[in-house]
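With compact mmCIF, C-alpha atoms inside, this is input_39.txt:
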# COMPACT_ATOMS: atom_id res chain seq x y z
CA MET A 147 106.22 -71.25 142.49
CA PRO A 148 109.37 -72.12 144.49
CA ASP A 149 109.04 -73.00 148.17
CA SER A 150 110.94 -69.88 149.22
CA ALA A 151 108.04 -67.75 148.01
CA HIS A 152 105.92 -69.11 150.87
CA THR A 153 108.39 -68.08 153.61
CA SER A 154 106.78 -65.67 156.07
CA PRO A 155 108.12 -62.09 155.90
CA GLY A 156 109.54 -62.20 159.45
CA LYS A 157 111.30 -65.50 158.99
CA ALA A 158 115.08 -65.40 158.47
CA ASP A 159 116.54 -67.69 155.85
CA LEU A 160 119.61 -69.86 156.28
CA LYS A 161 121.85 -67.00 155.20
CA SER A 162 120.60 -64.57 157.84
CA PRO A 163 123.48 -62.60 159.38
CA ARG A 164 124.15 -62.86 163.10
CA GLY A 165 121.90 -60.66 165.20
CA ALA A 166 123.27 -57.58 166.99
CA LEU A 167 123.51 -57.50 170.78
CA LYS A 168 123.07 -54.26 172.72
CA ILE A 169 123.75 -54.35 176.47
CA PHE A 170 122.41 -51.88 179.01
CA LEU A 171 125.13 -51.95 181.68
CA GLY A 172 124.66 -50.78 185.25
CA TYR A 173 126.62 -50.93 188.48
CA ALA A 174 123.83 -52.14 190.80
CA PRO A 175 120.19 -53.25 190.70
CA GLY A 176 117.89 -50.24 190.67
CA VAL A 177 119.87 -47.80 188.50
CA GLY A 178 117.29 -48.12 185.71
CA LYS A 179 118.71 -50.64 183.21
CA THR A 180 115.39 -52.38 182.52
CA PHE A 181 113.45 -49.12 182.25
CA GLN A 182 115.98 -47.66 179.81
CA MET A 183 115.90 -50.84 177.71
CA LEU A 184 112.09 -50.61 177.55
CA GLU A 185 112.26 -46.96 176.50
CA GLU A 186 114.52 -47.92 173.61
CA ALA A 187 112.14 -50.75 172.69
CA HIS A 188 109.30 -48.25 172.40
CA ARG A 189 111.41 -45.94 170.24
CA ARG A 190 112.24 -48.84 167.92
CA LYS A 191 108.62 -49.90 167.76
CA ARG A 192 107.59 -46.35 166.77
CA ARG A 193 110.15 -46.57 163.96
CA GLY A 194 108.41 -49.70 162.68
CA GLN A 195 110.68 -52.40 164.08
CA ASP A 196 109.21 -55.73 165.17
CA VAL A 197 109.86 -55.78 168.94
CA VAL A 198 108.87 -58.41 171.52
CA ILE A 199 109.73 -59.15 175.14
CA GLY A 200 111.49 -62.46 175.73
CA VAL A 201 111.76 -62.15 179.50
CA ILE A 202 111.52 -59.21 181.92
CA ASP A 203 111.09 -59.26 185.68
CA PRO A 204 109.28 -56.00 186.61
CA LYS A 205 110.37 -56.52 190.26
CA ASP A 206 107.05 -55.05 191.42
CA ARG A 207 107.89 -51.65 189.95
CA ASP A 208 104.78 -49.92 188.62
CA GLU A 209 106.63 -47.80 186.05
CA THR A 210 108.22 -50.95 184.59
CA ARG A 211 104.84 -52.68 184.32
CA GLU A 212 103.44 -49.65 182.48
CA GLU A 213 106.29 -49.78 179.95
CA ILE A 214 105.73 -53.51 179.39
CA ALA A 215 101.96 -53.22 178.89
CA SER A 216 102.05 -51.97 175.29
CA LEU A 217 104.64 -54.48 174.04
CA GLU A 218 104.11 -58.05 172.84
CA VAL A 219 105.31 -60.58 175.40
CA ILE A 220 106.38 -64.12 174.54
CA PRO A 221 104.99 -66.39 177.30
CA LEU A 222 107.56 -68.13 179.50
CA ASN A 223 108.01 -71.89 179.33
CA ALA A 224 106.73 -74.43 181.87
CA LYS A 225 109.79 -73.85 184.08
CA GLY A 226 109.16 -70.11 184.16
CA GLU A 227 112.16 -69.41 181.92
CA MET A 228 112.52 -67.63 178.59
CA ASN A 229 110.84 -69.69 175.86
CA VAL A 230 113.58 -69.91 173.23
CA PRO A 231 111.66 -72.20 170.81
CA GLU A 232 108.68 -69.82 170.81
CA ILE A 233 110.90 -66.81 170.18
CA LEU A 234 112.60 -68.62 167.30
CA LYS A 235 109.22 -69.58 165.88
CA ARG A 236 107.97 -65.98 166.16
CA HIS A 237 111.35 -64.69 164.88
CA PRO A 238 110.97 -60.99 165.74
CA GLY A 239 113.35 -58.27 164.63
CA VAL A 240 114.26 -57.41 168.23
CA VAL A 241 113.79 -59.28 171.50
CA LEU A 242 114.20 -57.84 175.02
CA ILE A 243 115.98 -60.01 177.58
CA ASP A 244 116.40 -58.87 181.16
CA ASP A 245 119.24 -60.05 183.44
CA ILE A 246 121.38 -61.85 180.87
CA HIS A 247 123.45 -63.24 183.79
CA HIS A 248 120.48 -65.26 185.12
CA THR A 249 120.88 -69.00 185.86
CA ASN A 250 118.08 -71.06 184.35
CA ALA A 251 115.96 -73.51 186.34
CA SER A 252 117.31 -77.01 186.84
CA GLY A 253 116.58 -79.24 183.88
CA SER A 254 116.56 -76.41 181.33
CA GLU A 255 118.14 -77.12 177.95
CA ARG A 256 120.91 -74.62 178.71
CA PRO A 257 122.08 -73.70 182.21
CA LYS A 258 122.56 -69.96 181.61
CA ARG A 259 120.40 -67.28 180.03
CA TRP A 260 123.37 -65.83 178.13
CA GLN A 261 123.61 -69.19 176.33
CA ASP A 262 119.97 -68.82 175.26
CA VAL A 263 120.84 -65.37 173.95
CA GLU A 264 123.63 -66.87 171.84
CA ILE A 265 121.07 -69.18 170.16
CA LEU A 266 118.88 -66.20 169.26
CA LEU A 267 121.80 -64.13 167.94
CA CYS A 268 122.98 -67.02 165.77
CA GLU A 269 119.51 -67.14 164.23
CA GLY A 270 119.73 -63.49 163.18
CA ILE A 271 117.56 -62.02 165.95
CA ASN A 272 118.69 -58.71 167.45
CA VAL A 273 118.81 -58.64 171.26
CA LEU A 274 118.51 -55.84 173.81
CA ALA A 275 119.70 -57.10 177.20
CA THR A 276 120.51 -55.84 180.69
CA LEU A 277 123.62 -56.73 182.68
CA GLY A 278 125.14 -55.67 186.00
CA VAL A 279 128.89 -55.08 186.13
CA THR A 280 128.92 -57.15 189.33
CA ASN A 281 128.03 -60.19 187.21
CA LEU A 282 131.15 -60.14 185.01
CA GLU A 283 133.17 -63.31 185.57
CA SER A 284 136.60 -61.62 185.65
CA LEU A 285 135.45 -59.18 188.36
CA ASN A 286 133.94 -61.78 190.69
CA ALA A 287 136.80 -61.81 193.22
CA HIS A 288 137.20 -58.03 192.99
CA ILE A 289 133.50 -57.50 193.72
CA ARG A 290 133.79 -59.84 196.71
CA ASP A 291 136.75 -57.83 198.03
CA ILE A 292 134.77 -54.59 197.75
CA THR A 293 131.37 -55.72 199.01
CA GLY A 294 131.96 -58.96 200.91
CA LEU A 295 129.41 -60.62 198.62
CA THR A 296 130.01 -63.55 196.29
CA ILE A 297 127.82 -63.04 193.22
CA PRO A 298 126.75 -66.53 192.02
CA ASP A 299 125.35 -65.61 188.60
CA THR A 300 128.10 -64.53 186.21
CA VAL A 301 128.66 -64.17 182.48
CA PRO A 302 131.92 -64.53 180.53
CA ASP A 303 133.46 -61.14 179.80
CA GLN A 304 133.38 -62.06 176.11
CA ILE A 305 129.61 -61.51 176.14
CA LEU A 306 130.17 -57.85 176.97
CA HIS A 307 133.07 -57.47 174.54
CA SER A 308 131.12 -59.09 171.69
CA ALA A 309 128.17 -56.69 172.04
CA GLU A 310 127.54 -54.42 169.08
CA GLU A 311 126.75 -51.59 171.48
CA ILE A 312 127.00 -50.93 175.22
CA GLU A 313 124.96 -48.23 176.95
CA LEU A 314 125.99 -47.27 180.46
CA VAL A 315 122.93 -46.66 182.64
CA ASP A 316 124.04 -44.35 185.43
CA LEU A 317 122.58 -42.92 188.61
CA THR A 318 124.44 -41.29 191.49
CA PRO A 319 124.86 -43.53 194.56
CA ARG A 320 122.95 -41.02 196.69
CA ALA A 321 120.00 -41.08 194.27
CA LEU A 322 120.07 -44.90 194.22
CA LEU A 323 120.05 -45.02 198.03
CA ASN A 324 117.06 -42.67 198.03
CA ARG A 325 115.26 -45.03 195.63
CA LEU A 326 116.14 -47.94 197.94
CA ASP A 327 114.73 -46.11 200.98
CA ARG A 328 111.47 -45.41 199.10
CA GLY A 329 111.09 -49.10 198.28
CA ALA A 330 111.51 -48.37 194.57
CA VAL A 331 114.35 -50.89 194.13
CA PHE A 332 113.12 -53.91 196.09
CA LYS A 333 109.97 -54.57 198.03
CA LYS A 334 110.63 -54.33 201.75
CA GLY A 335 111.90 -57.65 203.07
CA THR A 336 113.10 -58.97 199.69
CA GLU A 337 116.62 -59.47 198.32
CA PRO A 338 118.24 -59.26 201.81
CA GLU A 339 121.44 -60.91 200.52
CA LEU A 340 122.11 -57.88 198.31
CA LEU A 341 121.65 -55.22 200.98
CA PRO A 342 125.41 -55.02 201.82
CA LEU A 343 125.86 -53.83 198.25
CA TYR A 344 123.97 -50.63 199.10
CA ARG A 345 126.60 -48.83 201.14
CA GLU A 346 127.65 -45.54 199.63
CA GLY A 347 131.34 -46.51 199.53
CA ASN A 348 130.54 -49.79 197.80
CA LEU A 349 128.28 -48.08 195.27
CA ASN A 350 130.91 -45.46 194.44
CA ALA A 351 133.48 -48.19 193.80
CA LEU A 352 131.08 -50.25 191.66
CA ARG A 353 130.06 -47.17 189.70
CA GLU A 354 133.69 -46.44 188.88
CA ILE A 355 134.19 -50.05 187.74
CA ALA A 356 131.16 -49.83 185.43
CA MET A 357 132.44 -46.57 183.96
CA ARG A 358 135.84 -48.14 183.32
CA GLU A 359 134.28 -51.13 181.60
CA ALA A 360 132.24 -48.86 179.34
CA ALA A 361 135.29 -46.67 178.65
CA GLY A 362 137.32 -49.78 177.86
CA ARG A 363 134.77 -50.73 175.24
CA VAL A 364 135.08 -47.29 173.65
CA ASP A 365 138.85 -47.82 173.51
CA GLU A 366 138.34 -51.21 171.82
CA ASP A 367 136.11 -49.62 169.19
CA LEU A 368 138.62 -46.83 168.65
CA PHE A 369 141.51 -49.29 168.30
CA ALA A 370 139.54 -51.38 165.79
CA TYR A 371 138.74 -48.27 163.76
CA ARG A 372 142.36 -47.11 163.76
CA LYS A 373 143.57 -50.56 162.75
CA ASN A 374 140.99 -50.78 159.95
CA LYS A 375 142.03 -47.34 158.67
CA ASN A 376 145.78 -48.04 159.09
CA ILE A 377 146.14 -45.09 161.47
CA GLU A 378 149.33 -45.50 163.52
CA LYS A 379 149.37 -42.15 165.31
CA PRO A 380 147.65 -42.51 168.72
CA TRP A 381 144.76 -40.13 169.27
CA ALA A 382 144.93 -38.09 172.45
CA THR A 383 141.78 -39.55 174.03
CA ASN A 384 143.64 -41.13 176.95
CA ASP A 385 147.32 -41.20 177.90
CA ARG A 386 148.95 -44.61 178.11
CA VAL A 387 152.24 -44.82 179.97
CA MET A 388 154.62 -47.69 179.21
CA ILE A 389 157.48 -48.41 181.63
CA CYS A 390 160.30 -50.40 180.03
CA ILE A 391 161.78 -52.59 182.78
CA ALA A 392 165.29 -54.00 182.78
CA PRO A 393 166.29 -55.95 185.90
CA ASN A 394 168.84 -53.60 187.46
CA ARG A 395 169.19 -51.70 190.71
CA ASN A 396 167.30 -48.65 189.38
CA SER A 397 164.24 -50.49 188.11
CA LEU A 398 162.15 -49.90 191.26
CA ARG A 399 162.81 -46.17 190.96
CA LEU A 400 161.71 -46.30 187.31
CA ILE A 401 158.44 -48.07 188.19
CA ARG A 402 157.60 -45.53 190.90
CA LYS A 403 158.35 -42.69 188.53
CA GLY A 404 156.14 -44.25 185.84
CA TRP A 405 153.30 -44.66 188.31
CA ARG A 406 153.54 -40.98 189.31
CA VAL A 407 153.51 -39.93 185.66
CA GLY A 408 150.39 -42.02 185.10
CA GLN A 409 148.71 -40.46 188.13
CA ARG A 410 149.53 -36.95 186.93
CA LEU A 411 148.19 -37.66 183.44
CA ARG A 412 145.27 -39.74 184.74
CA GLY A 413 146.36 -42.36 182.25
CA GLU A 414 146.79 -46.13 182.12
CA VAL A 415 150.19 -47.54 183.11
CA VAL A 416 151.81 -50.81 182.01
CA ALA A 417 155.24 -52.20 182.89
CA VAL A 418 156.86 -54.16 180.04
CA HIS A 419 159.92 -56.42 180.26
CA VAL A 420 161.51 -57.97 177.18
CA GLU A 421 163.53 -61.16 177.69
CA GLU A 422 166.41 -61.59 175.26
CA SER A 423 168.17 -64.42 177.12
CA ASN A 424 167.99 -66.39 180.34
CA LEU A 425 168.21 -64.24 183.47
CA SER A 426 170.84 -64.72 186.14
CA GLU A 427 169.67 -65.58 189.63
CA GLN A 428 170.19 -61.99 190.76
CA GLU A 429 168.34 -60.56 187.74
CA ALA A 430 165.44 -62.95 188.29
CA LYS A 431 165.15 -61.77 191.89
CA ILE A 432 165.23 -58.11 190.83
CA LEU A 433 162.54 -58.73 188.22
CA LYS A 434 160.37 -60.53 190.80
CA ASP A 435 160.66 -57.51 193.10
CA ASP A 436 159.84 -55.20 190.16
CA PHE A 437 156.66 -57.10 189.35
CA ALA A 438 155.69 -57.23 193.03
CA LEU A 439 155.99 -53.44 193.30
CA ALA A 440 154.01 -52.98 190.08
CA GLU A 441 151.25 -55.21 191.45
CA ARG A 442 151.09 -53.21 194.70
CA LEU A 443 150.73 -50.02 192.68
CA GLY A 444 148.06 -51.53 190.45
CA ILE A 445 150.26 -51.51 187.34
CA LYS A 446 149.67 -54.18 184.70
CA THR A 447 152.83 -56.19 183.88
CA VAL A 448 153.71 -57.74 180.51
CA THR A 449 156.65 -60.01 179.60
CA LEU A 450 157.68 -60.23 175.95
CA ARG A 451 160.40 -62.25 174.22
CA GLY A 452 162.68 -61.34 171.34
CA ASN A 453 164.58 -58.30 170.18
CA VAL A 454 164.12 -55.53 172.76
CA ALA A 455 163.62 -52.62 170.37
CA ALA A 456 161.34 -54.55 167.99
CA GLN A 457 159.13 -55.85 170.80
CA LEU A 458 158.85 -52.47 172.55
CA ILE A 459 157.99 -50.73 169.28
CA LYS A 460 155.33 -53.30 168.38
CA TYR A 461 153.73 -53.20 171.82
CA ALA A 462 153.70 -49.40 171.88
CA LYS A 463 152.03 -49.19 168.45
CA ASP A 464 149.52 -51.99 169.11
CA ASN A 465 148.43 -50.43 172.41
CA SER A 466 148.41 -46.73 171.47
CA VAL A 467 151.11 -45.82 174.01
CA THR A 468 151.60 -42.06 174.38
CA GLN A 469 154.39 -41.95 177.00
CA LEU A 470 157.37 -44.31 177.20
CA LEU A 471 159.78 -44.37 180.16
CA LEU A 472 163.26 -45.92 180.14
CA GLY A 473 165.94 -46.00 182.80
CA HIS A 474 169.41 -44.56 182.27
CA PRO A 475 171.99 -47.28 181.60
CA GLU A 476 174.24 -48.72 184.27
CA ARG A 477 177.75 -47.32 184.42
CA THR A 478 179.61 -49.47 181.89
CA LYS A 479 180.54 -47.86 178.59
CA MET A 480 179.06 -50.75 176.61
CA GLN A 481 175.69 -50.42 178.35
CA GLU A 482 175.65 -46.68 177.60
CA VAL A 483 176.26 -47.36 173.90
CA LEU A 484 173.57 -50.06 173.77
CA ARG A 485 171.03 -47.86 175.54
CA ALA A 486 171.82 -44.92 173.24
CA ASN A 487 171.20 -47.16 170.22
CA LEU A 488 167.94 -48.42 171.72
CA VAL A 489 166.68 -44.90 172.42
CA SER A 490 167.55 -43.81 168.88
CA GLU A 491 165.71 -46.76 167.38
CA LEU A 492 162.62 -46.15 169.53
CA ALA A 493 162.62 -42.44 168.70
CA ARG A 494 162.78 -43.14 164.96
CA ALA A 495 159.94 -45.67 165.05
CA LEU A 496 157.69 -43.95 167.61
CA ARG A 497 157.63 -40.35 166.41
CA THR A 498 154.29 -39.61 168.08
CA VAL A 499 155.29 -41.04 171.48
CA ASP A 500 157.00 -38.98 174.21
CA ILE A 501 160.13 -40.86 175.38
CA THR A 502 161.62 -40.07 178.79
CA LEU A 503 164.93 -41.27 180.24
CA VAL A 504 164.59 -41.50 184.00
CA ALA A 505 167.70 -40.54 185.97
CA ALA A 506 169.45 -43.26 187.94
CA GLU A 507 169.64 -43.01 191.70
CA VAL A 508 172.70 -41.04 192.72
CA GLU A 509 175.03 -42.92 195.02
CA ALA A 510 176.21 -41.18 198.14
CA PRO A 511 179.91 -40.22 197.94
CA ALA A 512 182.26 -42.56 199.72
CA LYS A 513 183.52 -41.37 203.09
CA HIS A 514 187.28 -40.99 203.54
Output the file's structure as structure tokens, nothing else.
Amino acid sequence: MPDSAHTSPGKADLKSPRGALKIFLGYAPGVGKTFQMLEEAHRRKRRGQDVVIGVIDPKDRDETREEIASLEVIPLNAKGEMNVPEILKRHPGVVLIDDIHHTNASGSERPKRWQDVEILLCEGINVLATLGVTNLESLNAHIRDITGLTIPDTVPDQILHSAEEIELVDLTPRALLNRLDRGAVFKKGTEPELLPLYREGNLNALREIAMREAAGRVDEDLFAYRKNKNIEKPWATNDRVMICIAPNRNSLRLIRKGWRVGQRLRGEVVAVHVEESNLSEQEAKILKDDFALAERLGIKTVTLRGNVAAQLIKYAKDNSVTQLLLGHPERTKMQEVLRANLVSELARALRTVDITLVAAEVEAPAKH
């Protein structure tokens, strides 16, 4: 009998596909990420899946301990960290891993828990994990600006974006503060460094960030589906406003108008400039002022190079733009002809996109 016949049923072979990662995302400790992950683990177990706990910190919460009690737990290693070799040896169908952002004890084989998770995924083990939005690397400075706290344990954003599924675990800030007051989040006297997080204004801001991250993932999935199905027409799930910047005296007016349109539609706004040739000193200064205004308004800026029409069309299609704003041309006859040709080309290629020409600022009549 060949050796493969003696392989244990739970053991993956060398051709095992990569495991799937599901992340339970929350905006602050205490919203219920771990509890919700455990509830899903129990549902999977009832369906016959092989589920174990790799590492969970119950944080002295009785309801969490009760959920853990009926699940198999892989003992931690000598350093008190997740025991990756034991999990690989056991090779379950699903493993639960709390706080994927955690930094491992000094001397561990890998410094970060998310790196341990990568090992398990590569071996074909599915992972359920919890993550706080405050622990995303790209948001670190933003979180500090909001809360005054520097969060030391972070994960690369790619971990979130590579997840097969993201589930937003939500709780109103007022309900979370009530849980905090009851001692249901932390034991009294513990985690004092995180207490500034629990101001209602901070929690509202963090909750909005978490919702945006989850919504952004939905948009990524939708874009991938549309690309796979060769669907060019943007679906009306969210308006995207694209401001086409040319460095002239009316560009600031165009940016402000685009921002107002985005606010009215509650849509995303991006300002795009296409470089065809080197800018003059005056044009470079105008463009710098344009980008500075966009930054103050919270508008993303993008610089492209090449043919103006081709680049604008490609960007609009690739990013599901629904509204496109252009400025009227300057006064020369040649510029009017060129702008008319550009508008015609955009209109032909972007039949599902609304194109608006924004009026130039009217000069006051000269005094005689």
- Message: Could you list, as a ChimeraX atom specification, every residue within 10 Å of A:Asn229, counting all atoms listed in the file and ignoring same-chain residues fewer than 6 positions away?
- Response: /A:200-201,220-223,262
- Message: I'd like to know which of A:Arg290, A:Ile297, A:Thr280, A:Glu311 is closest to A:Ala166, using all atoms listed in the file.
- Response: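 Among the listed residues, the smallest separation from A:Ala166 belongs to A:Glu311.
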- Message: I'd like the interatomic distance between atom CA of A:Gln182 and atom CA of A:Glu313, to a tenth of an Å.
- Response: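 Atom CA of A:Glu313 lies at a distance of 9.4 Å from atom CA of A:Gln182.
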- Test item: residues at most 12 Å from A:His288, only C-alpha atoms, excluding those fewer than 3 positions along its chain, as a PyMOL selection string: chain A and resi 279-285+291-297+348+351-352+355
- Message: If I take atom CA of A:Pro342 and atom CA of A:His248, how far is one from the other in Å, to one decimal?
- Response: 20.2 Å
- Message: To one decimal place in Å, what is the distance between atom CA of A:Val240 and atom CA of A:Leu274?
- Response: 7.2 Å
Contact residues around stretch 422-435 of chain A with only C-alpha atoms at 12 Å, ignoring same-chain residues under 5 positions, as a PDB file with C-alpha atoms, in the frame of the given file:
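That gives us around.pdb:
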ATOM      1  CA  CYS A 390     160.300 -50.400 180.030  1.00  0.00           C
ATOM      2  CA  ILE A 391     161.780 -52.590 182.780  1.00  0.00           C
ATOM      3  CA  ALA A 392     165.290 -54.000 182.780  1.00  0.00           C
ATOM      4  CA  PRO A 393     166.290 -55.950 185.900  1.00  0.00           C
ATOM      5  CA  ASN A 394     168.840 -53.600 187.460  1.00  0.00           C
ATOM      6  CA  ARG A 395     169.190 -51.700 190.710  1.00  0.00           C
ATOM      7  CA  ASN A 396     167.300 -48.650 189.380  1.00  0.00           C
ATOM      8  CA  SER A 397     164.240 -50.490 188.110  1.00  0.00           C
ATOM      9  CA  LEU A 398     162.150 -49.900 191.260  1.00  0.00           C
ATOM     10  CA  ARG A 399     162.810 -46.170 190.960  1.00  0.00           C
ATOM     11  CA  ILE A 401     158.440 -48.070 188.190  1.00  0.00           C
ATOM     12  CA  ALA A 417     155.240 -52.200 182.890  1.00  0.00           C
ATOM     13  CA  ALA A 440     154.010 -52.980 190.080  1.00  0.00           C
ATOM     14  CA  GLU A 441     151.250 -55.210 191.450  1.00  0.00           C
ATOM     15  CA  ARG A 442     151.090 -53.210 194.700  1.00  0.00           C
ATOM     16  CA  THR A 447     152.830 -56.190 183.880  1.00  0.00           C
ATOM     17  CA  VAL A 448     153.710 -57.740 180.510  1.00  0.00           C
ATOM     18  CA  THR A 449     156.650 -60.010 179.600  1.00  0.00           C
ATOM     19  CA  LEU A 450     157.680 -60.230 175.950  1.00  0.00           C
ATOM     20  CA  ARG A 451     160.400 -62.250 174.220  1.00  0.00           C
ATOM     21  CA  GLY A 452     162.680 -61.340 171.340  1.00  0.00           C
ATOM     22  CA  ASN A 453     164.580 -58.300 170.180  1.00  0.00           C
ATOM     23  CA  VAL A 454     164.120 -55.530 172.760  1.00  0.00           C
ATOM     24  CA  ALA A 455     163.620 -52.620 170.370  1.00  0.00           C
ATOM     25  CA  ALA A 456     161.340 -54.550 167.990  1.00  0.00           C
ATOM     26  CA  GLN A 457     159.130 -55.850 170.800  1.00  0.00           C
TER      27      GLN A 457
END
Taking (129.7, -48.3, 187.6) in the file's coordinates as the center, which residues reach within 8 Å of it, counting only C-alpha atoms, put as a PDB file with C-alpha atoms, in the frame of the given file?
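Final file, selection-v8.pdb:
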ATOM      1  CA  GLY A 172     124.660 -50.780 185.250  1.00  0.00           C
ATOM      2  CA  TYR A 173     126.620 -50.930 188.480  1.00  0.00           C
ATOM      3  CA  ALA A 174     123.830 -52.140 190.800  1.00  0.00           C
ATOM      4  CA  VAL A 279     128.890 -55.080 186.130  1.00  0.00           C
ATOM      5  CA  ASP A 316     124.040 -44.350 185.430  1.00  0.00           C
ATOM      6  CA  LEU A 349     128.280 -48.080 195.270  1.00  0.00           C
ATOM      7  CA  ASN A 350     130.910 -45.460 194.440  1.00  0.00           C
ATOM      8  CA  ALA A 351     133.480 -48.190 193.800  1.00  0.00           C
ATOM      9  CA  LEU A 352     131.080 -50.250 191.660  1.00  0.00           C
ATOM     10  CA  ARG A 353     130.060 -47.170 189.700  1.00  0.00           C
ATOM     11  CA  GLU A 354     133.690 -46.440 188.880  1.00  0.00           C
ATOM     12  CA  ILE A 355     134.190 -50.050 187.740  1.00  0.00           C
ATOM     13  CA  ALA A 356     131.160 -49.830 185.430  1.00  0.00           C
ATOM     14  CA  MET A 357     132.440 -46.570 183.960  1.00  0.00           C
ATOM     15  CA  ARG A 358     135.840 -48.140 183.320  1.00  0.00           C
TER      16      ARG A 358
END
- Query: Smallest atom-to-atom distance to A:His247: which of A:Leu306, A:Leu470, A:Leu503, A:Met183, using all atoms listed in the file?
  - Reply: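 Ranking A:Leu306, A:Leu470, A:Leu503, A:Met183 by distance to A:His247, first place goes to A:Leu306.
Proximity to A:Leu343 was assessed for A:Ala224, A:Pro175, A:Arg256, A:Lys463 counting only C-alpha atoms; the smallest distance is recorded for A:Pro175.
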- Message: Considering all atoms listed in the file, can you say which of A:Arg207, A:His237, A:Arg164, A:Lys460 comes closest to A:Gly178?
- Response: A:Arg207
- Task: Excluding A:Trp405 and any residue of its chain fewer than 6 positions from it, enumerate the residues within 12 Å of it, using all atoms listed in the file, and give them as a ChimeraX atom specification.
- Result: /A:386-389,398-399,411-417,439-446,469-471
- Which residues come within 10 Å of A:Glu209, counting only C-alpha atoms, excluding same-chain residues fewer than 5 positions away, as a ChimeraX atom specification? /A:181,204,214,330
- Kindly indicate which residue among A:Asp206, A:Arg192, A:Ala187, A:Thr502 lies nearest to A:Gly329, using all atoms listed in the file for the distances. A:Asp206
- For A:Asp203, which residue out of A:Ala462, A:Thr276, A:Asp244, A:Leu184 is the nearest one, using all atoms listed in the file? A:Asp244
